[in-house]
Amino acid sequence: MPRRFVDERRRDPYYRAAQREGLRSRAAFKFAYLDDRFHLLRPGLRVLDLGAAPGGWSLVARERLGTRGEVVAVDPRPIELIAGVRVVRGRVGDPSLLGALGPTPFDVVLSDMSPRISGAYATDHARSVDLVRAGLALARQVLRPGGAYVAKVFAGDLLDGLVEEVGRSFEEVRRTKPPASREPSSELYLVARGFRAVAPESPRAGERERSASDIYGRSLPRSPF
Ligand SMILES: C[S@@+](CC[C@H](N)C(=O)[O-])C[C@H]1O[C@@H](n2cnc3c(N)ncnc32)[C@H](O)[C@@H]1O
């Protein structure tokens, strides 16, 4: 690890707090902020955490759900066991993932997925947009009506189009940058709430999207979220 990176990390208050509090990543503070601000979690909800390794967001979600509800964490990288969190080793975009998640719909889908950073701004931006789209495609299949999708994205010229795309399936989409997100980083988070199982302005007019109710074969009650 380069010396400069190690020194910067040692000075980083969020990194030090994460170590002190037994959190697995400084990213945990970003999610704690998002939940404090947007009230995403409450006891009893089912949460799907995409790009979950090493497990910081899942730990926060598990703690905030209390003893009820469920957290399912997905990542191709291994995640050390977290009490009360089901880990699915898999990749968003892989068609077999849906089956591995099981038949019960989710109230909240989180995505802190990051592409492998190339250092080329446009490439990293485009790859992160692809990940948000892949997470959105999955969220559309597993979310209960009224549910929420939260996704990290790197800012760039595709962002406005992406927000519009996400907005077709949700009542509202907000953009935010948590204080724990490093200032020079172009990352921000989209917080989409009020999932509409049927997109009103589908690009193919009149066509219904394949939603959780289609997949689970019954009409789902609206999420209490
Ligand atoms: C910044 S880390 C997530 C940190 C995590 N939220 C935490 O709090 O510990 C980004 C993760 O995205 C994962 N990732 C990238 N592409 C993915 C994909 N297609 N499916 C699932 N996870 C992916 C990476 O393996 C990596 O673990």
# chains A, B, ... in the order shown; residues from 1 in each chain; ligands from 1
call {"tool": "select_by_dssp", "arguments": {"residues": "region 122-154 of chain A", "states": "helix (DSSP H, G or I)", "output": "JSON, numbers by chain"}}
result
{"A": [122, 123, 124, 125, 126, 127, 128, 129, 130, 131, 132, 133, 134, 135, 136, 137, 138, 139, 140, 141, 142]}
call {"tool": "write_last_selection", "arguments": {"atoms": "C-alpha atoms", "output": "short mmCIF file (atom, residue, chain, number, x, y, z; two decimals), in the first residue's frame"}}
result
data_model
loop_
_atom_site.label_atom_id
_atom_site.label_comp_id
_atom_site.auth_asym_id
_atom_site.auth_seq_id
_atom_site.Cartn_x
_atom_site.Cartn_y
_atom_site.Cartn_z
CA ALA A 122 -15.06 9.03 -18.14
CA THR A 123 -14.55 5.27 -17.98
CA ASP A 124 -15.06 5.07 -14.23
CA HIS A 125 -18.15 7.27 -14.47
CA ALA A 126 -19.67 5.12 -17.26
CA ARG A 127 -18.93 1.91 -15.34
CA SER A 128 -20.51 3.24 -12.17
CA VAL A 129 -23.62 4.28 -14.15
CA ASP A 130 -23.79 0.71 -15.51
CA LEU A 131 -23.70 -0.63 -11.95
CA VAL A 132 -26.54 1.68 -10.89
CA ARG A 133 -28.54 0.45 -13.89
CA ALA A 134 -27.82 -3.19 -13.04
CA GLY A 135 -28.89 -2.54 -9.42
CA LEU A 136 -32.01 -0.77 -10.67
CA ALA A 137 -32.95 -3.69 -12.92
CA LEU A 138 -32.68 -6.02 -9.92
CA ALA A 139 -34.49 -3.58 -7.60
CA ARG A 140 -37.40 -3.44 -10.06
CA GLN A 141 -37.71 -7.19 -9.78
CA VAL A 142 -37.44 -7.59 -6.02
#
call {"tool": "closest_atom_pairs", "arguments": {"of": "chain A", "to": "ligand 1", "cutoff": "9 Å", "atoms": "only C-alpha atoms and all ligand atoms", "output": "JSON lines"}}
result
{"residue": "A:Leu23", "atom": "CA", "partner": "ligand 1", "partner_atom_place_in_ligand_line": "9 (O)", "distance": 8.5}
{"residue": "A:Arg24", "atom": "CA", "partner": "ligand 1", "partner_atom_place_in_ligand_line": "9 (O)", "distance": 5.9}
{"residue": "A:Ser25", "atom": "CA", "partner": "ligand 1", "partner_atom_place_in_ligand_line": "9 (O)", "distance": 5.0}
{"residue": "A:Arg26", "atom": "CA", "partner": "ligand 1", "partner_atom_place_in_ligand_line": "8 (O)", "distance": 7.0}
{"residue": "A:Ala27", "atom": "CA", "partner": "ligand 1", "partner_atom_place_in_ligand_line": "8 (O)", "distance": 4.5}
{"residue": "A:Ala28", "atom": "CA", "partner": "ligand 1", "partner_atom_place_in_ligand_line": "8 (O)", "distance": 4.8}
{"residue": "A:Phe29", "atom": "CA", "partner": "ligand 1", "partner_atom_place_in_ligand_line": "8 (O)", "distance": 8.3}
{"residue": "A:Lys30", "atom": "CA", "partner": "ligand 1", "partner_atom_place_in_ligand_line": "8 (O)", "distance": 8.3}
{"residue": "A:Phe31", "atom": "CA", "partner": "ligand 1", "partner_atom_place_in_ligand_line": "8 (O)", "distance": 7.7}
{"residue": "A:Asp49", "atom": "CA", "partner": "ligand 1", "partner_atom_place_in_ligand_line": "6 (N)", "distance": 7.7}
{"residue": "A:Leu50", "atom": "CA", "partner": "ligand 1", "partner_atom_place_in_ligand_line": "21 (C)", "distance": 5.5}
{"residue": "A:Gly51", "atom": "CA", "partner": "ligand 1", "partner_atom_place_in_ligand_line": "22 (N)", "distance": 3.5}
{"residue": "A:Ala52", "atom": "CA", "partner": "ligand 1", "partner_atom_place_in_ligand_line": "5 (C)", "distance": 4.4}
{"residue": "A:Ala53", "atom": "CA", "partner": "ligand 1", "partner_atom_place_in_ligand_line": "27 (O)", "distance": 4.2}
{"residue": "A:Pro54", "atom": "CA", "partner": "ligand 1", "partner_atom_place_in_ligand_line": "9 (O)", "distance": 4.2}
{"residue": "A:Gly55", "atom": "CA", "partner": "ligand 1", "partner_atom_place_in_ligand_line": "9 (O)", "distance": 4.0}
{"residue": "A:Gly56", "atom": "CA", "partner": "ligand 1", "partner_atom_place_in_ligand_line": "8 (O)", "distance": 3.3}
{"residue": "A:Trp57", "atom": "CA", "partner": "ligand 1", "partner_atom_place_in_ligand_line": "8 (O)", "distance": 4.1}
{"residue": "A:Ser58", "atom": "CA", "partner": "ligand 1", "partner_atom_place_in_ligand_line": "8 (O)", "distance": 6.9}
{"residue": "A:Leu59", "atom": "CA", "partner": "ligand 1", "partner_atom_place_in_ligand_line": "8 (O)", "distance": 8.1}
{"residue": "A:Val60", "atom": "CA", "partner": "ligand 1", "partner_atom_place_in_ligand_line": "8 (O)", "distance": 8.6}
{"residue": "A:Val74", "atom": "CA", "partner": "ligand 1", "partner_atom_place_in_ligand_line": "21 (C)", "distance": 5.9}
{"residue": "A:Asp75", "atom": "CA", "partner": "ligand 1", "partner_atom_place_in_ligand_line": "22 (N)", "distance": 4.1}
{"residue": "A:Pro76", "atom": "CA", "partner": "ligand 1", "partner_atom_place_in_ligand_line": "25 (O)", "distance": 5.5}
{"residue": "A:Arg77", "atom": "CA", "partner": "ligand 1", "partner_atom_place_in_ligand_line": "25 (O)", "distance": 5.2}
{"residue": "A:Pro78", "atom": "CA", "partner": "ligand 1", "partner_atom_place_in_ligand_line": "27 (O)", "distance": 8.5}
{"residue": "A:Ile79", "atom": "CA", "partner": "ligand 1", "partner_atom_place_in_ligand_line": "27 (O)", "distance": 8.8}
{"residue": "A:Arg89", "atom": "CA", "partner": "ligand 1", "partner_atom_place_in_ligand_line": "21 (C)", "distance": 8.4}
{"residue": "A:Gly90", "atom": "CA", "partner": "ligand 1", "partner_atom_place_in_ligand_line": "21 (C)", "distance": 6.3}
{"residue": "A:Arg91", "atom": "CA", "partner": "ligand 1", "partner_atom_place_in_ligand_line": "20 (N)", "distance": 3.5}
{"residue": "A:Val92", "atom": "CA", "partner": "ligand 1", "partner_atom_place_in_ligand_line": "20 (N)", "distance": 3.8}
{"residue": "A:Gly93", "atom": "CA", "partner": "ligand 1", "partner_atom_place_in_ligand_line": "19 (N)", "distance": 5.9}
{"residue": "A:Asp94", "atom": "CA", "partner": "ligand 1", "partner_atom_place_in_ligand_line": "19 (N)", "distance": 7.8}
{"residue": "A:Leu110", "atom": "CA", "partner": "ligand 1", "partner_atom_place_in_ligand_line": "6 (N)", "distance": 8.7}
{"residue": "A:Ser111", "atom": "CA", "partner": "ligand 1", "partner_atom_place_in_ligand_line": "6 (N)", "distance": 7.4}
{"residue": "A:Asp112", "atom": "CA", "partner": "ligand 1", "partner_atom_place_in_ligand_line": "6 (N)", "distance": 4.8}
{"residue": "A:Met113", "atom": "CA", "partner": "ligand 1", "partner_atom_place_in_ligand_line": "12 (O)", "distance": 3.5}
{"residue": "A:Ser114", "atom": "CA", "partner": "ligand 1", "partner_atom_place_in_ligand_line": "10 (C)", "distance": 4.4}
{"residue": "A:Pro115", "atom": "CA", "partner": "ligand 1", "partner_atom_place_in_ligand_line": "15 (C)", "distance": 5.2}
{"residue": "A:Arg116", "atom": "CA", "partner": "ligand 1", "partner_atom_place_in_ligand_line": "15 (C)", "distance": 7.2}
{"residue": "A:Ser128", "atom": "CA", "partner": "ligand 1", "partner_atom_place_in_ligand_line": "16 (N)", "distance": 8.8}
{"residue": "A:Leu131", "atom": "CA", "partner": "ligand 1", "partner_atom_place_in_ligand_line": "19 (N)", "distance": 6.4}
{"residue": "A:Ala134", "atom": "CA", "partner": "ligand 1", "partner_atom_place_in_ligand_line": "19 (N)", "distance": 7.6}
{"residue": "A:Gly135", "atom": "CA", "partner": "ligand 1", "partner_atom_place_in_ligand_line": "20 (N)", "distance": 8.3}
call {"tool": "closest_residue", "arguments": {"among": "A:Arg193, A:Ala100, A:Pro105, A:Glu63", "to": "Val85 (chain A)", "atoms": "only C-alpha atoms"}}
result
A:Glu63
call {"tool": "residues_around", "arguments": {"residues": "region 181-192 of chain A", "least_positions_apart": "6", "cutoff": "7 Å", "atoms": "only C-alpha atoms", "output": "PyMOL selection string"}}
result
chain A and resi 30+148-155+170+172-175
call {"tool": "atom_distance", "arguments": {"atom1": "CA of Pro178 (chain A)", "atom2": "CA of Arg64 (chain A)"}}
result
18.3 Å
call {"tool": "atom_distance", "arguments": {"atom1": "CA of Gly69 (chain A)", "atom2": "CA of Asp36 (chain A)"}}
result
18.3 Å
call {"tool": "decode", "arguments": {"residues": "region 23-175 of chain A", "atoms": "C-alpha atoms", "output": "compact mmCIF listing (two decimals), in the first residue's frame"}}
result
# COMPACT_ATOMS: atom_id res chain seq x y z
CA LEU A 23 -17.29 -1.05 11.95
CA ARG A 24 -15.85 -2.75 8.93
CA SER A 25 -15.43 0.30 6.74
CA ARG A 26 -15.59 4.07 6.82
CA ALA A 27 -18.40 3.61 4.28
CA ALA A 28 -20.61 2.65 7.24
CA PHE A 29 -20.79 6.36 8.18
CA LYS A 30 -22.08 7.25 4.73
CA PHE A 31 -24.97 4.85 5.10
CA ALA A 32 -25.68 5.92 8.71
CA TYR A 33 -25.94 9.49 7.36
CA LEU A 34 -28.26 8.45 4.50
CA ASP A 35 -30.53 6.61 6.91
CA ASP A 36 -30.55 9.48 9.43
CA ARG A 37 -31.46 11.93 6.71
CA PHE A 38 -33.92 9.89 4.63
CA HIS A 39 -35.35 7.49 7.27
CA LEU A 40 -34.83 4.41 5.16
CA LEU A 41 -34.86 1.74 7.84
CA ARG A 42 -37.25 0.64 10.51
CA PRO A 43 -37.61 -2.60 12.44
CA GLY A 44 -39.14 -5.43 10.45
CA LEU A 45 -38.06 -4.32 6.96
CA ARG A 46 -36.18 -6.55 4.49
CA VAL A 47 -33.01 -4.96 3.13
CA LEU A 48 -30.89 -6.06 0.18
CA ASP A 49 -27.32 -4.70 0.31
CA LEU A 50 -25.57 -4.89 -3.09
CA GLY A 51 -21.79 -4.53 -3.21
CA ALA A 52 -21.74 -5.24 0.51
CA ALA A 53 -18.12 -6.34 1.20
CA PRO A 54 -16.52 -5.93 3.68
CA GLY A 55 -19.89 -5.40 5.40
CA GLY A 56 -20.02 -1.86 6.85
CA TRP A 57 -23.48 -1.00 5.46
CA SER A 58 -24.88 -4.40 6.39
CA LEU A 59 -23.69 -3.99 9.98
CA VAL A 60 -25.40 -0.60 10.27
CA ALA A 61 -28.58 -1.93 8.64
CA ARG A 62 -28.65 -4.99 10.89
CA GLU A 63 -28.23 -2.87 13.99
CA ARG A 64 -30.92 -0.39 12.97
CA LEU A 65 -33.49 -3.06 12.10
CA GLY A 66 -33.30 -4.37 15.66
CA THR A 67 -34.23 -7.98 16.16
CA ARG A 68 -36.82 -8.02 13.37
CA GLY A 69 -36.46 -7.80 9.61
CA GLU A 70 -33.72 -9.24 7.45
CA VAL A 71 -30.52 -8.13 5.72
CA VAL A 72 -29.21 -9.96 2.67
CA ALA A 73 -25.69 -8.95 1.60
CA VAL A 74 -24.44 -9.58 -1.96
CA ASP A 75 -20.88 -9.32 -3.24
CA PRO A 76 -18.51 -11.42 -5.34
CA ARG A 77 -15.92 -10.82 -2.61
CA PRO A 78 -16.14 -12.81 0.61
CA ILE A 79 -17.85 -11.16 3.59
CA GLU A 80 -16.98 -12.28 7.09
CA LEU A 81 -19.96 -13.58 9.00
CA ILE A 82 -22.27 -10.91 10.53
CA ALA A 83 -24.84 -12.18 13.02
CA GLY A 84 -28.29 -11.98 11.47
CA VAL A 85 -27.09 -11.14 7.94
CA ARG A 86 -27.48 -13.63 5.09
CA VAL A 87 -24.55 -13.43 2.69
CA VAL A 88 -24.99 -14.32 -0.97
CA ARG A 89 -21.73 -14.62 -2.86
CA GLY A 90 -22.68 -13.31 -6.29
CA ARG A 91 -22.52 -10.53 -8.81
CA VAL A 92 -25.31 -8.12 -9.73
CA GLY A 93 -25.93 -8.58 -13.45
CA ASP A 94 -25.60 -12.35 -13.21
CA PRO A 95 -29.04 -13.80 -14.05
CA SER A 96 -28.68 -16.56 -11.45
CA LEU A 97 -28.62 -14.02 -8.60
CA LEU A 98 -32.39 -13.51 -8.54
CA GLY A 99 -32.98 -17.19 -7.75
CA ALA A 100 -30.36 -17.13 -4.97
CA LEU A 101 -32.17 -14.23 -3.28
CA GLY A 102 -35.29 -16.29 -2.70
CA PRO A 103 -38.96 -15.53 -3.20
CA THR A 104 -39.64 -12.87 -0.53
CA PRO A 105 -39.63 -9.25 -1.76
CA PHE A 106 -37.53 -6.47 -0.21
CA ASP A 107 -38.47 -3.05 1.17
CA VAL A 108 -35.09 -1.39 0.57
CA VAL A 109 -32.35 -2.11 -1.98
CA LEU A 110 -28.97 -0.52 -1.25
CA SER A 111 -26.08 -0.32 -3.67
CA ASP A 112 -22.62 0.89 -2.70
CA MET A 113 -21.21 -1.03 -5.69
CA SER A 114 -18.04 0.42 -7.16
CA PRO A 115 -16.35 -0.50 -10.41
CA ARG A 116 -12.67 -1.35 -10.43
CA ILE A 117 -11.16 2.12 -10.66
CA SER A 118 -9.20 2.68 -13.88
CA GLY A 119 -8.25 6.28 -13.10
CA ALA A 120 -9.80 7.44 -16.39
CA TYR A 121 -12.64 9.69 -15.27
CA ALA A 122 -15.06 9.03 -18.14
CA THR A 123 -14.55 5.27 -17.98
CA ASP A 124 -15.06 5.07 -14.23
CA HIS A 125 -18.15 7.27 -14.47
CA ALA A 126 -19.67 5.12 -17.26
CA ARG A 127 -18.93 1.91 -15.34
CA SER A 128 -20.51 3.24 -12.17
CA VAL A 129 -23.62 4.28 -14.15
CA ASP A 130 -23.79 0.71 -15.51
CA LEU A 131 -23.70 -0.63 -11.95
CA VAL A 132 -26.54 1.68 -10.89
CA ARG A 133 -28.54 0.45 -13.89
CA ALA A 134 -27.82 -3.19 -13.04
CA GLY A 135 -28.89 -2.54 -9.42
CA LEU A 136 -32.01 -0.77 -10.67
CA ALA A 137 -32.95 -3.69 -12.92
CA LEU A 138 -32.68 -6.02 -9.92
CA ALA A 139 -34.49 -3.58 -7.60
CA ARG A 140 -37.40 -3.44 -10.06
CA GLN A 141 -37.71 -7.19 -9.78
CA VAL A 142 -37.44 -7.59 -6.02
CA LEU A 143 -38.88 -4.39 -4.47
CA ARG A 144 -42.26 -4.16 -2.90
CA PRO A 145 -44.40 -1.24 -4.14
CA GLY A 146 -43.48 1.85 -2.11
CA GLY A 147 -39.93 0.56 -1.46
CA ALA A 148 -36.63 2.43 -1.80
CA TYR A 149 -33.46 2.15 -3.89
CA VAL A 150 -30.24 3.87 -2.79
CA ALA A 151 -27.24 3.80 -5.10
CA LYS A 152 -23.75 5.24 -5.28
CA VAL A 153 -22.71 6.80 -8.57
CA PHE A 154 -19.72 8.77 -9.78
CA ALA A 155 -20.77 12.15 -11.15
CA GLY A 156 -20.42 12.84 -14.86
CA ASP A 157 -22.32 13.71 -18.01
CA LEU A 158 -24.53 10.59 -17.89
CA LEU A 159 -25.87 11.49 -14.46
CA ASP A 160 -28.93 13.54 -15.43
CA GLY A 161 -30.14 10.82 -17.81
CA LEU A 162 -29.60 8.20 -15.11
CA VAL A 163 -31.61 10.18 -12.54
CA GLU A 164 -34.43 10.45 -15.07
CA GLU A 165 -34.29 6.72 -15.72
CA VAL A 166 -34.41 5.88 -12.00
CA GLY A 167 -37.21 8.45 -11.56
CA ARG A 168 -39.46 6.52 -13.96
CA SER A 169 -39.82 3.78 -11.35
CA PHE A 170 -40.01 5.90 -8.18
CA GLU A 171 -42.10 8.75 -6.83
CA GLU A 172 -38.98 10.80 -6.04
CA VAL A 173 -35.21 10.71 -6.51
CA ARG A 174 -32.82 12.83 -4.44
CA ARG A 175 -29.06 13.32 -4.90
